[in-house]
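Content type compact mmCIF, C-alpha atoms, from the file work.txt:
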# COMPACT_ATOMS: atom_id res chain seq x y z
CA MET A 1 -42.55 4.46 -33.37
CA THR A 2 -44.68 2.81 -30.64
CA ASP A 3 -47.57 4.75 -29.15
CA LEU A 4 -47.32 5.31 -25.39
CA ALA A 5 -50.05 5.89 -22.82
CA LEU A 6 -50.98 9.42 -21.81
CA MET A 7 -52.15 8.33 -18.36
CA SER A 8 -50.51 5.42 -16.57
CA PRO A 9 -51.35 3.32 -14.64
CA PRO A 10 -54.87 3.45 -16.14
CA ASP A 11 -56.71 2.47 -12.93
CA PRO A 12 -59.63 4.95 -12.76
CA GLN A 13 -59.66 4.72 -8.95
CA ARG A 14 -56.04 5.72 -8.43
CA PRO A 15 -55.45 9.21 -7.02
CA ILE A 16 -53.65 11.68 -9.27
CA ALA A 17 -53.94 14.94 -7.33
CA PHE A 18 -55.13 16.64 -4.15
CA ARG A 19 -57.19 19.84 -4.33
CA ASP A 20 -59.95 21.59 -2.40
CA GLY A 21 -59.41 19.36 0.61
CA HIS A 22 -59.73 15.94 -1.02
CA PRO A 23 -58.03 13.57 -3.51
CA VAL A 24 -58.92 13.65 -7.21
CA LEU A 25 -59.16 10.21 -8.78
CA LEU A 26 -58.07 9.46 -12.34
CA ALA A 27 -61.69 8.92 -13.44
CA LEU A 28 -62.61 12.52 -12.56
CA PHE A 29 -59.36 13.84 -13.99
CA ARG A 30 -60.19 12.23 -17.34
CA ARG A 31 -63.55 13.97 -17.38
CA HIS A 32 -61.92 17.30 -16.58
CA VAL A 33 -59.43 16.80 -19.42
CA ALA A 34 -62.26 15.90 -21.80
CA ALA A 35 -64.19 19.03 -20.79
CA LEU A 36 -61.24 21.31 -21.51
CA LEU A 37 -60.42 19.42 -24.69
CA GLN A 38 -63.77 20.49 -26.15
CA ARG A 39 -62.91 24.13 -25.50
CA LEU A 40 -59.41 24.24 -26.97
CA PRO A 41 -58.93 26.40 -30.08
CA ALA A 42 -57.69 24.94 -33.34
CA GLY A 43 -54.17 26.18 -32.70
CA THR A 44 -50.72 24.74 -33.17
CA ALA A 45 -49.36 24.84 -29.60
CA MET A 46 -50.46 25.73 -26.07
CA ILE A 47 -48.63 28.23 -23.86
CA ASN A 48 -49.58 26.82 -20.45
CA LEU A 49 -49.68 29.71 -17.96
CA CYS A 50 -51.73 28.01 -15.23
CA GLN A 51 -50.42 28.65 -11.72
CA ASP A 52 -52.66 26.12 -9.97
CA ARG A 53 -50.85 22.81 -10.43
CA TYR A 54 -53.99 20.75 -10.99
CA ARG A 55 -55.28 23.13 -13.65
CA PHE A 56 -51.86 23.01 -15.28
CA LEU A 57 -52.01 19.21 -15.27
CA VAL A 58 -55.48 19.21 -16.85
CA ALA A 59 -54.38 21.73 -19.50
CA TYR A 60 -51.23 19.76 -20.27
CA ALA A 61 -53.14 16.49 -20.78
CA ALA A 62 -55.79 18.24 -22.89
CA ALA A 63 -53.18 19.80 -25.15
CA LEU A 64 -51.46 16.46 -25.72
CA SER A 65 -54.83 14.84 -26.43
CA ALA A 66 -55.45 17.49 -29.09
CA GLY A 67 -52.02 16.93 -30.61
CA HIS A 68 -50.75 20.34 -29.45
CA PRO A 69 -47.26 20.59 -27.93
CA VAL A 70 -47.03 22.62 -24.72
CA LEU A 71 -44.68 25.61 -24.59
CA LEU A 72 -43.14 26.18 -21.16
CA PRO A 73 -42.25 29.88 -20.70
CA PRO A 74 -39.39 30.68 -18.30
CA SER A 75 -41.48 33.55 -16.94
CA ARG A 76 -45.11 34.75 -16.90
CA VAL A 77 -43.97 38.32 -17.62
CA GLU A 78 -46.11 39.67 -20.46
CA GLN A 79 -43.18 40.63 -22.68
CA VAL A 80 -41.67 37.14 -22.38
CA VAL A 81 -44.97 35.41 -23.14
CA ALA A 82 -45.68 37.76 -26.05
CA GLU A 83 -42.27 37.01 -27.56
CA ILE A 84 -42.90 33.26 -27.29
CA GLN A 85 -46.33 33.59 -28.84
CA GLY A 86 -44.97 35.82 -31.61
CA GLY A 87 -42.32 33.24 -32.41
CA SER A 88 -44.87 30.39 -32.54
CA PRO A 89 -47.58 31.25 -35.10
CA GLY A 90 -50.92 29.72 -34.20
CA SER A 91 -50.05 29.22 -30.54
CA TYR A 92 -52.55 30.17 -27.86
CA ARG A 93 -52.52 30.89 -24.15
CA CYS A 94 -54.22 28.76 -21.50
CA GLU A 95 -54.73 30.27 -18.05
CA ASP A 96 -56.38 29.25 -14.79
CA ALA A 97 -59.75 30.92 -15.41
CA ALA A 98 -60.36 29.08 -18.69
CA VAL A 99 -59.51 25.72 -17.12
CA GLU A 100 -61.71 26.36 -14.08
CA GLU A 101 -64.69 27.07 -16.32
CA ALA A 102 -64.18 23.70 -18.00
CA LEU A 103 -63.88 21.93 -14.63
CA GLU A 104 -67.34 23.13 -13.69
CA GLU A 105 -68.91 21.37 -16.67
CA ASP A 106 -70.47 17.91 -16.39
CA VAL A 107 -68.99 15.84 -19.21
CA CYS A 108 -70.61 12.45 -19.63
CA ALA A 109 -70.13 11.63 -23.31
CA ALA A 110 -68.03 8.46 -23.49
CA ALA A 111 -66.70 9.36 -26.93
CA VAL A 112 -65.38 12.68 -25.64
CA ALA A 113 -63.86 11.07 -22.54
CA MET A 114 -62.06 8.52 -24.69
CA ARG A 115 -60.32 11.34 -26.58
CA ALA A 116 -58.81 12.41 -23.26
CA ASP A 117 -56.89 9.14 -22.89
CA THR A 118 -55.67 8.44 -26.43
CA PRO A 119 -52.12 6.99 -26.62
CA ILE A 120 -49.50 9.41 -27.93
CA PRO A 121 -47.02 8.55 -30.73
CA GLY A 122 -43.58 8.17 -29.19
CA ASP A 123 -41.88 10.46 -31.72
CA ARG A 124 -44.36 13.34 -31.28
CA VAL A 125 -43.00 16.58 -29.79
CA VAL A 126 -45.20 17.11 -26.74
CA MET A 127 -43.54 20.11 -25.11
CA VAL A 128 -40.83 22.68 -25.58
CA GLY A 129 -38.69 23.64 -22.60
CA LEU A 130 -37.28 27.16 -22.65
CA THR A 131 -34.18 28.18 -20.72
CA SER A 132 -34.42 31.00 -18.21
CA GLY A 133 -31.74 33.00 -19.98
CA SER A 134 -29.45 32.99 -16.94
CA THR A 135 -26.47 32.02 -19.10
CA GLY A 136 -27.35 33.92 -22.25
CA GLU A 137 -30.05 34.12 -24.90
CA PRO A 138 -32.99 31.79 -24.06
CA LYS A 139 -33.09 28.61 -26.13
CA SER A 140 -35.85 26.12 -26.82
CA TYR A 141 -35.59 22.36 -26.27
CA PRO A 142 -38.32 20.20 -27.83
CA LYS A 143 -39.22 17.00 -25.98
CA ARG A 144 -40.62 13.90 -27.64
CA TRP A 145 -43.10 11.70 -25.79
CA ARG A 146 -40.72 8.73 -25.89
CA SER A 147 -38.03 10.79 -24.16
CA VAL A 148 -40.52 12.06 -21.60
CA HIS A 149 -41.60 8.50 -20.82
CA GLY A 150 -38.05 7.22 -20.52
CA SER A 151 -36.87 9.87 -18.08
CA THR A 152 -40.09 9.72 -16.03
CA MET A 153 -39.78 5.96 -15.54
CA CYS A 154 -36.23 6.49 -14.27
CA ASN A 155 -37.35 9.24 -11.89
CA SER A 156 -40.15 7.04 -10.59
CA ALA A 157 -37.78 4.12 -9.99
CA ALA A 158 -35.22 6.31 -8.18
CA ILE A 159 -37.86 7.83 -5.90
CA ARG A 160 -39.50 4.50 -5.07
CA ARG A 161 -36.09 3.02 -4.35
CA ALA A 162 -35.36 5.88 -1.95
CA LEU A 163 -38.76 5.36 -0.31
CA GLY A 164 -38.25 1.60 -0.10
CA ILE A 165 -41.58 0.81 -1.77
CA ASP A 166 -42.50 -1.51 -4.61
CA ALA A 167 -43.59 -0.01 -7.92
CA SER A 168 -46.47 -2.44 -8.41
CA ALA A 169 -47.75 -3.06 -4.89
CA GLY A 170 -46.60 -0.11 -2.81
CA PRO A 171 -48.71 2.86 -1.68
CA THR A 172 -49.16 5.95 -3.85
CA PRO A 173 -46.41 8.53 -3.15
CA TRP A 174 -47.80 12.06 -2.66
CA ILE A 175 -45.76 15.03 -3.89
CA LEU A 176 -45.79 18.61 -2.67
CA ALA A 177 -43.69 20.88 -4.92
CA THR A 178 -42.54 24.44 -4.27
CA VAL A 179 -41.44 24.98 -7.88
CA PRO A 180 -43.65 26.06 -10.80
CA PRO A 181 -44.76 23.37 -13.28
CA GLN A 182 -43.47 25.47 -16.20
CA HIS A 183 -39.89 24.74 -15.14
CA MET A 184 -38.49 21.40 -16.35
CA TYR A 185 -37.80 20.22 -12.79
CA GLY A 186 -41.33 21.15 -11.75
CA MET A 187 -42.68 19.49 -14.89
CA GLU A 188 -40.81 16.24 -14.24
CA LEU A 189 -41.65 15.96 -10.55
CA SER A 190 -45.12 17.46 -10.24
CA VAL A 191 -46.75 16.84 -13.65
CA LEU A 192 -45.20 13.82 -15.36
CA LEU A 193 -44.90 11.64 -12.27
CA PRO A 194 -48.63 11.96 -11.46
CA LEU A 195 -49.59 11.61 -15.11
CA ILE A 196 -47.53 8.55 -16.08
CA GLY A 197 -45.47 7.63 -13.01
CA GLY A 198 -48.20 6.35 -10.69
CA MET A 199 -47.85 9.19 -8.16
CA ALA A 200 -50.10 12.03 -7.03
CA VAL A 201 -49.51 15.75 -6.45
CA HIS A 202 -50.87 18.59 -4.32
CA ALA A 203 -52.39 21.34 -6.45
CA ALA A 204 -50.78 24.09 -4.38
CA ARG A 205 -47.40 25.74 -4.79
CA PRO A 206 -46.62 26.91 -1.23
CA LEU A 207 -43.74 29.28 -0.57
CA PHE A 208 -43.58 30.08 3.14
CA ALA A 209 -42.77 27.50 5.81
CA ALA A 210 -46.22 27.63 7.42
CA ASP A 211 -47.93 27.09 4.05
CA ILE A 212 -45.64 24.16 3.25
CA ALA A 213 -46.37 22.55 6.62
CA ARG A 214 -50.12 23.02 6.18
CA ALA A 215 -50.12 21.53 2.68
CA LEU A 216 -48.02 18.55 3.80
CA GLU A 217 -50.45 17.91 6.63
CA GLU A 218 -53.28 17.59 4.09
CA LEU A 219 -51.57 14.83 2.13
CA PRO A 220 -51.71 11.10 2.88
CA GLN A 221 -48.45 9.28 3.48
CA PRO A 222 -45.86 8.70 2.12
CA ARG A 223 -45.26 12.43 1.57
CA ILE A 224 -42.53 13.84 -0.68
CA LEU A 225 -41.35 17.46 -0.56
CA ALA A 226 -39.85 18.54 -3.91
CA SER A 227 -38.04 21.83 -3.47
CA THR A 228 -34.85 23.83 -4.15
CA PRO A 229 -31.77 24.68 -2.05
CA VAL A 230 -32.93 28.26 -1.44
CA HIS A 231 -36.35 27.09 -0.20
CA LEU A 232 -34.81 24.37 1.96
CA ARG A 233 -32.44 26.88 3.55
CA ALA A 234 -35.43 29.07 4.38
CA LEU A 235 -37.19 26.11 6.03
CA LEU A 236 -34.15 25.53 8.23
CA GLU A 237 -34.16 29.17 9.34
CA SER A 238 -37.84 29.01 10.35
CA SER A 239 -39.24 27.78 13.65
CA GLN A 240 -42.11 26.00 11.90
CA ALA A 241 -42.95 22.42 12.90
CA PHE A 242 -43.49 19.99 10.02
CA PRO A 243 -45.51 16.78 9.78
CA PRO A 244 -43.68 13.53 8.96
CA VAL A 245 -42.09 13.52 5.51
CA ALA A 246 -40.90 10.33 3.79
CA LEU A 247 -38.49 11.94 1.31
CA VAL A 248 -37.12 15.36 0.32
CA ILE A 249 -36.03 16.02 -3.27
CA SER A 250 -33.86 18.93 -4.35
CA ALA A 251 -32.73 20.23 -7.75
CA THR A 252 -32.16 23.40 -9.87
CA ALA A 253 -28.90 24.35 -8.08
CA PRO A 254 -26.02 22.50 -6.38
CA LEU A 255 -26.77 21.49 -2.80
CA ASP A 256 -24.10 21.61 -0.11
CA GLY A 257 -23.61 18.39 1.86
CA ALA A 258 -23.88 20.21 5.20
CA LEU A 259 -27.17 21.81 4.17
CA ALA A 260 -28.50 18.44 3.00
CA ALA A 261 -27.60 16.85 6.34
CA ALA A 262 -29.28 19.70 8.23
CA VAL A 263 -32.46 19.28 6.18
CA GLU A 264 -32.49 15.54 6.87
CA ARG A 265 -32.17 16.16 10.61
CA ARG A 266 -34.88 18.82 10.61
CA LEU A 267 -37.46 16.93 8.53
CA GLY A 268 -36.49 13.42 9.63
CA ALA A 269 -36.27 12.14 6.06
CA ALA A 270 -33.62 11.28 3.47
CA LEU A 271 -32.82 13.97 0.92
CA LEU A 272 -32.43 12.89 -2.69
CA GLU A 273 -30.73 15.42 -4.97
CA MET A 274 -31.37 15.15 -8.69
CA PHE A 275 -28.94 16.07 -11.46
CA GLY A 276 -30.23 17.14 -14.85
CA SER A 277 -30.85 19.97 -17.26
CA THR A 278 -33.48 21.38 -19.57
CA GLU A 279 -31.68 19.60 -22.41
CA THR A 280 -31.55 16.13 -20.83
CA CYS A 281 -34.10 16.11 -17.99
CA VAL A 282 -32.88 14.27 -14.85
CA ILE A 283 -30.15 11.71 -15.53
CA ALA A 284 -28.76 10.95 -12.04
CA SER A 285 -29.36 11.26 -8.31
CA ARG A 286 -27.49 11.04 -5.00
CA ARG A 287 -27.97 11.07 -1.22
CA THR A 288 -26.10 14.37 -0.84
CA ALA A 289 -25.78 14.19 2.94
CA GLN A 290 -23.79 10.97 2.60
CA GLU A 291 -22.09 10.97 -0.81
CA VAL A 292 -20.35 13.27 -3.25
CA SER A 293 -20.64 11.15 -6.39
CA TRP A 294 -23.80 10.82 -8.48
CA ARG A 295 -25.48 7.57 -9.52
CA LEU A 296 -26.37 7.53 -13.22
CA TYR A 297 -29.75 6.26 -14.29
CA GLN A 298 -29.60 2.87 -15.96
CA ASP A 299 -28.42 2.93 -19.61
CA VAL A 300 -27.33 6.60 -19.48
CA GLU A 301 -23.86 7.06 -20.96
CA LEU A 302 -21.33 9.87 -20.40
CA GLN A 303 -18.40 10.82 -22.60
CA PRO A 304 -16.01 13.56 -21.34
CA LEU A 305 -15.13 16.21 -23.93
CA PRO A 306 -12.67 19.11 -23.84
CA GLN A 307 -15.56 21.59 -23.54
CA GLY A 308 -17.98 19.56 -21.42
CA THR A 309 -19.66 16.14 -21.50
CA ARG A 310 -21.67 14.24 -24.11
CA VAL A 311 -24.74 12.50 -22.63
CA ASN A 312 -26.76 9.78 -24.31
CA ALA A 313 -29.62 7.45 -23.34
CA PRO A 314 -31.87 5.04 -25.26
CA TRP A 315 -34.78 7.48 -25.00
CA PHE A 316 -32.80 10.44 -26.38
CA PRO A 317 -33.38 11.23 -30.07
CA GLU A 318 -29.67 12.17 -30.23
CA PRO A 319 -26.77 12.74 -27.80
CA VAL A 320 -26.68 16.01 -25.85
CA VAL A 321 -23.55 17.98 -24.96
CA LEU A 322 -23.56 19.65 -21.54
CA GLN A 323 -21.11 22.27 -20.31
CA ASP A 324 -20.63 20.36 -17.06
CA VAL A 325 -17.12 18.99 -16.56
CA ILE A 326 -17.84 15.43 -15.40
CA GLU A 327 -15.42 12.74 -14.23
CA PRO A 328 -16.85 9.21 -14.73
CA GLN A 329 -16.21 6.64 -12.00
CA ALA A 330 -16.81 2.92 -11.62
CA ARG A 331 -20.24 1.28 -11.30
CA GLY A 332 -22.18 4.01 -13.08
CA ARG A 333 -21.09 6.86 -10.84
CA PHE A 334 -19.54 10.25 -11.58
CA VAL A 335 -18.46 13.48 -9.91
CA VAL A 336 -19.02 17.00 -11.20
CA ARG A 337 -15.90 19.15 -11.31
CA GLY A 338 -17.76 22.28 -12.38
CA ARG A 339 -19.11 23.85 -15.54
CA HIS A 340 -16.97 24.88 -18.46
CA GLN A 341 -18.31 28.44 -18.08
CA ASP A 342 -17.76 28.19 -14.32
CA LEU A 343 -13.99 27.74 -14.63
CA ILE A 344 -12.26 31.12 -14.69
CA GLU A 345 -8.70 32.37 -15.08
CA VAL A 346 -7.22 35.46 -13.44
CA ALA A 347 -3.51 36.38 -13.56
CA GLY A 348 -2.69 32.94 -14.96
CA LYS A 349 -4.47 31.11 -12.15
CA ARG A 350 -7.66 29.04 -12.43
CA ALA A 351 -10.58 28.63 -10.05
CA SER A 352 -14.23 27.60 -9.99
CA LEU A 353 -16.94 30.17 -9.32
CA ALA A 354 -19.02 27.47 -7.64
CA ASP A 355 -16.16 26.62 -5.28
CA LEU A 356 -15.57 30.30 -4.49
CA THR A 357 -19.28 30.69 -3.70
CA ARG A 358 -19.15 27.62 -1.45
CA ARG A 359 -16.21 29.07 0.49
CA LEU A 360 -17.96 32.41 0.86
CA LEU A 361 -21.12 30.72 2.16
CA ALA A 362 -18.97 28.92 4.74
CA VAL A 363 -17.87 32.24 6.29
CA GLU A 364 -19.50 32.61 9.70
CA GLY A 365 -22.20 35.25 9.57
CA VAL A 366 -22.91 34.89 5.83
CA ARG A 367 -26.49 33.79 5.16
CA ASP A 368 -26.47 33.82 1.36
CA ALA A 369 -23.93 34.70 -1.31
CA VAL A 370 -22.88 34.33 -4.91
CA VAL A 371 -19.54 34.86 -6.63
CA PHE A 372 -19.60 35.70 -10.32
CA GLN A 373 -17.54 37.41 -12.99
CA PRO A 374 -18.85 40.69 -14.39
CA ASP A 375 -17.95 41.90 -17.85
CA ALA A 376 -14.32 42.62 -18.65
CA ASP A 377 -13.01 45.98 -17.47
CA ALA A 378 -13.16 48.30 -20.48
CA VAL A 379 -9.94 50.11 -19.53
CA ALA A 380 -7.59 47.52 -18.11
CA SER A 381 -9.12 44.45 -19.82
CA ILE A 382 -8.94 42.63 -16.46
CA ARG A 383 -11.69 40.14 -15.68
CA ARG A 384 -12.35 40.52 -11.97
CA VAL A 385 -14.39 38.42 -9.58
CA ALA A 386 -17.37 40.08 -7.86
CA ALA A 387 -19.75 38.96 -5.12
CA LEU A 388 -23.14 39.75 -3.64
CA VAL A 389 -23.46 38.80 0.03
CA VAL A 390 -26.29 38.68 2.55
CA ALA A 391 -24.58 39.09 5.93
CA PRO A 392 -26.54 41.22 8.44
CA GLY A 393 -24.30 43.19 10.78
CA MET A 394 -21.07 42.46 8.90
CA THR A 395 -18.85 44.77 6.87
CA ARG A 396 -17.10 44.09 3.58
CA ARG A 397 -13.75 44.16 5.34
CA GLU A 398 -14.82 41.55 7.91
CA ILE A 399 -16.11 39.22 5.19
CA LEU A 400 -12.95 39.49 3.11
CA GLU A 401 -10.70 38.96 6.13
CA ARG A 402 -12.55 35.75 7.03
CA LEU A 403 -12.56 34.56 3.41
CA ALA A 404 -8.90 35.34 2.66
CA PRO A 405 -7.28 32.31 4.39
CA GLY A 406 -9.01 29.89 2.03
CA VAL A 407 -8.88 31.83 -1.24
CA ASP A 408 -6.00 32.92 -3.47
CA PRO A 409 -5.70 36.75 -3.42
CA ALA A 410 -6.36 36.84 -7.18
CA PHE A 411 -9.88 35.48 -6.56
CA LEU A 412 -10.94 37.58 -3.58
CA PRO A 413 -14.14 39.24 -4.82
CA ARG A 414 -13.78 42.92 -5.54
CA PRO A 415 -16.21 44.51 -5.70
CA LEU A 416 -18.08 42.78 -2.88
CA ARG A 417 -21.49 44.27 -2.24
CA ILE A 418 -23.60 43.55 0.84
CA VAL A 419 -27.32 43.31 -0.02
CA ASP A 420 -30.51 42.56 1.90
CA ALA A 421 -31.31 39.60 -0.37
CA LEU A 422 -29.93 38.02 -3.54
CA PRO A 423 -31.99 38.79 -6.69
CA ARG A 424 -33.27 35.24 -7.12
CA ASN A 425 -36.13 34.32 -9.43
CA ALA A 426 -39.03 32.01 -8.53
CA LEU A 427 -36.76 28.94 -8.79
CA GLY A 428 -34.05 30.41 -6.61
CA LYS A 429 -31.79 30.94 -9.61
CA LEU A 430 -29.75 34.09 -10.23
CA PRO A 431 -30.08 35.38 -13.81
CA ARG A 432 -27.00 37.30 -14.90
CA GLU A 433 -28.87 40.50 -15.67
CA ARG A 434 -30.21 40.57 -12.11
CA LEU A 435 -26.73 40.06 -10.68
CA LEU A 436 -25.29 42.94 -12.67
CA GLN A 437 -28.18 45.22 -11.72
CA ALA A 438 -27.73 44.40 -8.03
CA LEU A 439 -23.98 44.91 -8.24
CA HIS A 440 -24.39 48.34 -9.83
CA PRO A 441 -27.84 49.63 -8.80
CA ARG A 442 -29.05 52.81 -10.42
CA ARG A 443 -28.40 55.81 -8.30
CA PRO A 444 -31.34 58.14 -7.60
CA PRO A 445 -31.28 61.37 -9.63
Once you've parsed the file, please lay out its structure as structure tokens.
Amino acid sequence: MTDLALMSPPDPQRPIAFRDGHPVLLALFRRHVAALLQRLPAGTAMINLCQDRYRFLVAYAAALSAGHPVLLPPSRVEQVVAEIQGGSPGSYRCEDAAVEEALEEDVCAAAVAMRADTPIPGDRVVMVGLTSGSTGEPKSYPKRWRSVHGSTMCNSAAIRRALGIDASAGPTPWILATVPPQHMYGMELSVLLPLIGGMAVHAARPLFAADIARALEELPQPRILASTPVHLRALLESSQAFPPVALVISATAPLDGALAAAVERRLGAALLEMFGSTETCVIASRRTAQEVSWRLYQDVELQPLPQGTRVNAPWFPEPVVLQDVIEPQARGRFVVRGRHQDLIEVAGKRASLADLTRRLLAVEGVRDAVVFQPDADAVASIRRVAALVVAPGMTRREILERLAPGVDPAFLPRPLRIVDALPRNALGKLPRERLLQALHPRRPP
């Protein structure tokens, strides 16, 4: 298996990140990686818990230089991290403070610096993505360096095409991401693209509109905002002014075409939605404000199955089966009809939870909502549809009356609970256990 570069392009004067008010060039980044590399324990794998994106990037590159795969926890909660560490003998934690101490060192030894840029064997497992557990027991997905390279090159090409810039002669695209680097989407967009895709990233992870605007203002152009539907909706609801943005990227949850169009009008930039999973990484993209179908990355193949879709690509070690129900179209395009788990049956009728959620969100006065199916009723064995809704000033009856014309009575959500906010995690996702807790909150004694 061919060795592949850890840092590409290798130009020491190219920017790779922005922190503390100025760009960080690749030459300094290499020295920072070498400094941390000297401090790493003789373990088997790194659990990268860094919250600062630049420190995470340094830790990631140092681990790979040492031959240690990086474990990506779905949460920084102590119990979750302890379980991961307990299941990976010899693994060790790496946090912001330890990386910052290494950054303060002055590393000049050429031999040490060279270790920080050693090519990586293509078949080496370099990281393990862990699911968030929103659809069941968390699973681990090892990633080989060859697969990482293949998907990153496709992401880079899709983004540069959307920006209208040349890969070899164009300016450096600058990324600001609102998602954590431990998530596969955050890893692909804000870690791998700067490391091997010729782009650069802001070290911050802003959440509020004012912080996002301030961070964008710090970056050179062209600027890219990589975010999620829930964050983008919050930006639309704010009165914050934003500096010019060249491209907006969204992933982690389906994006409505109307929301995509509203984001494009507000930020004055095209919005590129990415389709992927922890298992496959990104495999397709689309201009959601203008098209429903997705454009597959070159050489990616889809095969519909009764229970989902088989996906394969030259950089995959083996085909992957997704639960998404996908309908292939001509010229490398496809449409998503839903997920196998998303399709439900009540009283002999079938519907999609995603479509029911979309219809509920379209009700005037509803700001946020989710339709899901709680556990089967223990007495009647009837699987009902439930909903959590954020709709200030509205009643359950008003919401159901406005929803009823577009939904079969069998799929009207009952119970429907009005809440102040949906129990989303840091990525805007809705883990099942949080949904059930919000639907049936504990009553005070």
Practice task
Compare A:Val335, A:Ala226, A:Ala200, A:Leu40 by their minimum atom-to-atom distance to Val24 (chain A), counting all atoms listed in the file, and give me the closest one.
Solution key: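 Smallest separation from Val24 (chain A) among the options: A:Ala200.
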Practice task
Using only C-alpha atoms, determine which residues lie at most 12 Å from Glu364 (chain A), disregarding the query and same-chain residues fewer than 6 positions distant; provide the list as a list of chain:residue names.
Solution key: A:Val390, A:Ala391, A:Pro392, A:Gly393, A:Met394, A:Glu398, A:Ile399, A:Leu400, A:Glu401, A:Arg402, A:Leu403
Practice task
Write out as a list in words which residues come within 9 Å of His231 (chain A) when counting all atoms listed in the file, dropping same-chain ones fewer than 5 positions away.
Solution key: Thr178, Leu207, Phe208, Ala209, Leu236, Leu427 and Gly428 of chain A
Include C-alpha atoms and write out the residues we just selected as a PDB file, in the frame of the given file.
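The resulting file, result-v8.pdb, is shown below:
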ATOM      1  CA  THR A 178     -42.540  24.440  -4.270  1.00  0.00           C
ATOM      2  CA  LEU A 207     -43.740  29.280  -0.570  1.00  0.00           C
ATOM      3  CA  PHE A 208     -43.580  30.080   3.140  1.00  0.00           C
ATOM      4  CA  ALA A 209     -42.770  27.500   5.810  1.00  0.00           C
ATOM      5  CA  LEU A 236     -34.150  25.530   8.230  1.00  0.00           C
ATOM      6  CA  LEU A 427     -36.760  28.940  -8.790  1.00  0.00           C
ATOM      7  CA  GLY A 428     -34.050  30.410  -6.610  1.00  0.00           C
TER       8      GLY A 428
END
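Of the listed residues (A:Cys154, A:Met127, A:Ala234, A:Ala241), A:Cys154 comes nearest to Ala167 (chain A); the distances count all atoms listed in the file.
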Exercise for the section: Measure the distance from CA of Val282 (chain A) to CA of Asp96 (chain A) in Å and round it to one decimal. Expected result: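 These atoms are spaced 27.9 Å apart.
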Handout entry: For CA of Ala210 (chain A) and CA of Ala251 (chain A), the interatomic separation in Å (one decimal)
Key =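 Answer for the CA of Ala210 (chain A) to CA of Ala251 (chain A) separation: 21.6 Å.
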Problem - CA of Ala27 (chain A) to CA of Arg14 (chain A), straight-line distance in Å - result: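 Separation between CA of Arg14 (chain A) and CA of Ala27 (chain A): 8.2 Å.
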Practice task
Skip Thr118 (chain A) itself and residues of its chain fewer than 6 positions away, then list as a list in words all residues within 8 Å of it, counting only C-alpha atoms.
Solution key: Ala5, Leu6 and Ser65 of chain A
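With distances restricted to all atoms listed in the file, A:His22 is the closest residue to Leu219 (chain A) from A:Arg434, A:Arg265, A:His22, A:Arg205.
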Problem - Polymer residues at most 10 Å from region 182-185 of chain A, only C-alpha atoms, same-chain spacing of 4 or more positions, as number ranges by chain - result: A: 47-51, 53, 56, 70-76, 128-132, 177, 189-191, 226-228, 250-252, 274-282, 426-427
Handout entry: Expected answer as an MDAnalysis selection string: all residues with atoms within 12 Å of (-47.6, 11.2, 6.5), all atoms listed in the file
Key = chainID A and resid 171:176 213 215:225 242:247 267:269
Problem - Leu259 (chain A) environment, 9 Å, all atoms listed in the file, sequence neighbours closer than 4 positions dropped, as a list in words - result: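 My list of contacting residues is Pro229, Leu232, Arg233, Leu236, Leu255, Val263, Glu264 and Ala289 of chain A.
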Practice task
Name the closest residue to His68 (chain A) among the candidates A:Ser91, A:Gln85, A:Thr44, A:Gln307; distances are taken between atoms, counting all atoms listed in the file.
Solution key: A:Thr44
Box along x, y and z, 8 Å on every side, all listed atoms of region 282-297 of chain A inside: centre and edge lengths in Å to one decimal, as AutoDock Vina command-line options.
--center_x -26.6 --center_y 10.3 --center_z -6.3 --size_x 28.5 --size_y 24.1 --size_z 34.5
Handout entry: Distance criterion (only C-alpha atoms): nearest to Gly122 (chain A) out of A:Ser88, A:Ser239, A:Thr2, A:Asn155
Key =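 Checking each of A:Ser88, A:Ser239, A:Thr2, A:Asn155 against Gly122 (chain A), counting only C-alpha atoms, the winner is A:Thr2.
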Completion exercise
The residue from A:Val179, A:Ala204, A:Ala62, A:Ala157 with the smallest atom-to-atom distance to Ser285 (chain A), counting only C-alpha atoms, is A:Ala157
Exercise for the section: May I have the protein, DNA and RNA residues with any atom at most 10 Å from the point (-48.1, 7.2, -25.6), counting all atoms listed in the file, written as number ranges by chain? Expected result: A: 1-8, 64, 117-124, 145-146, 148-149, 196
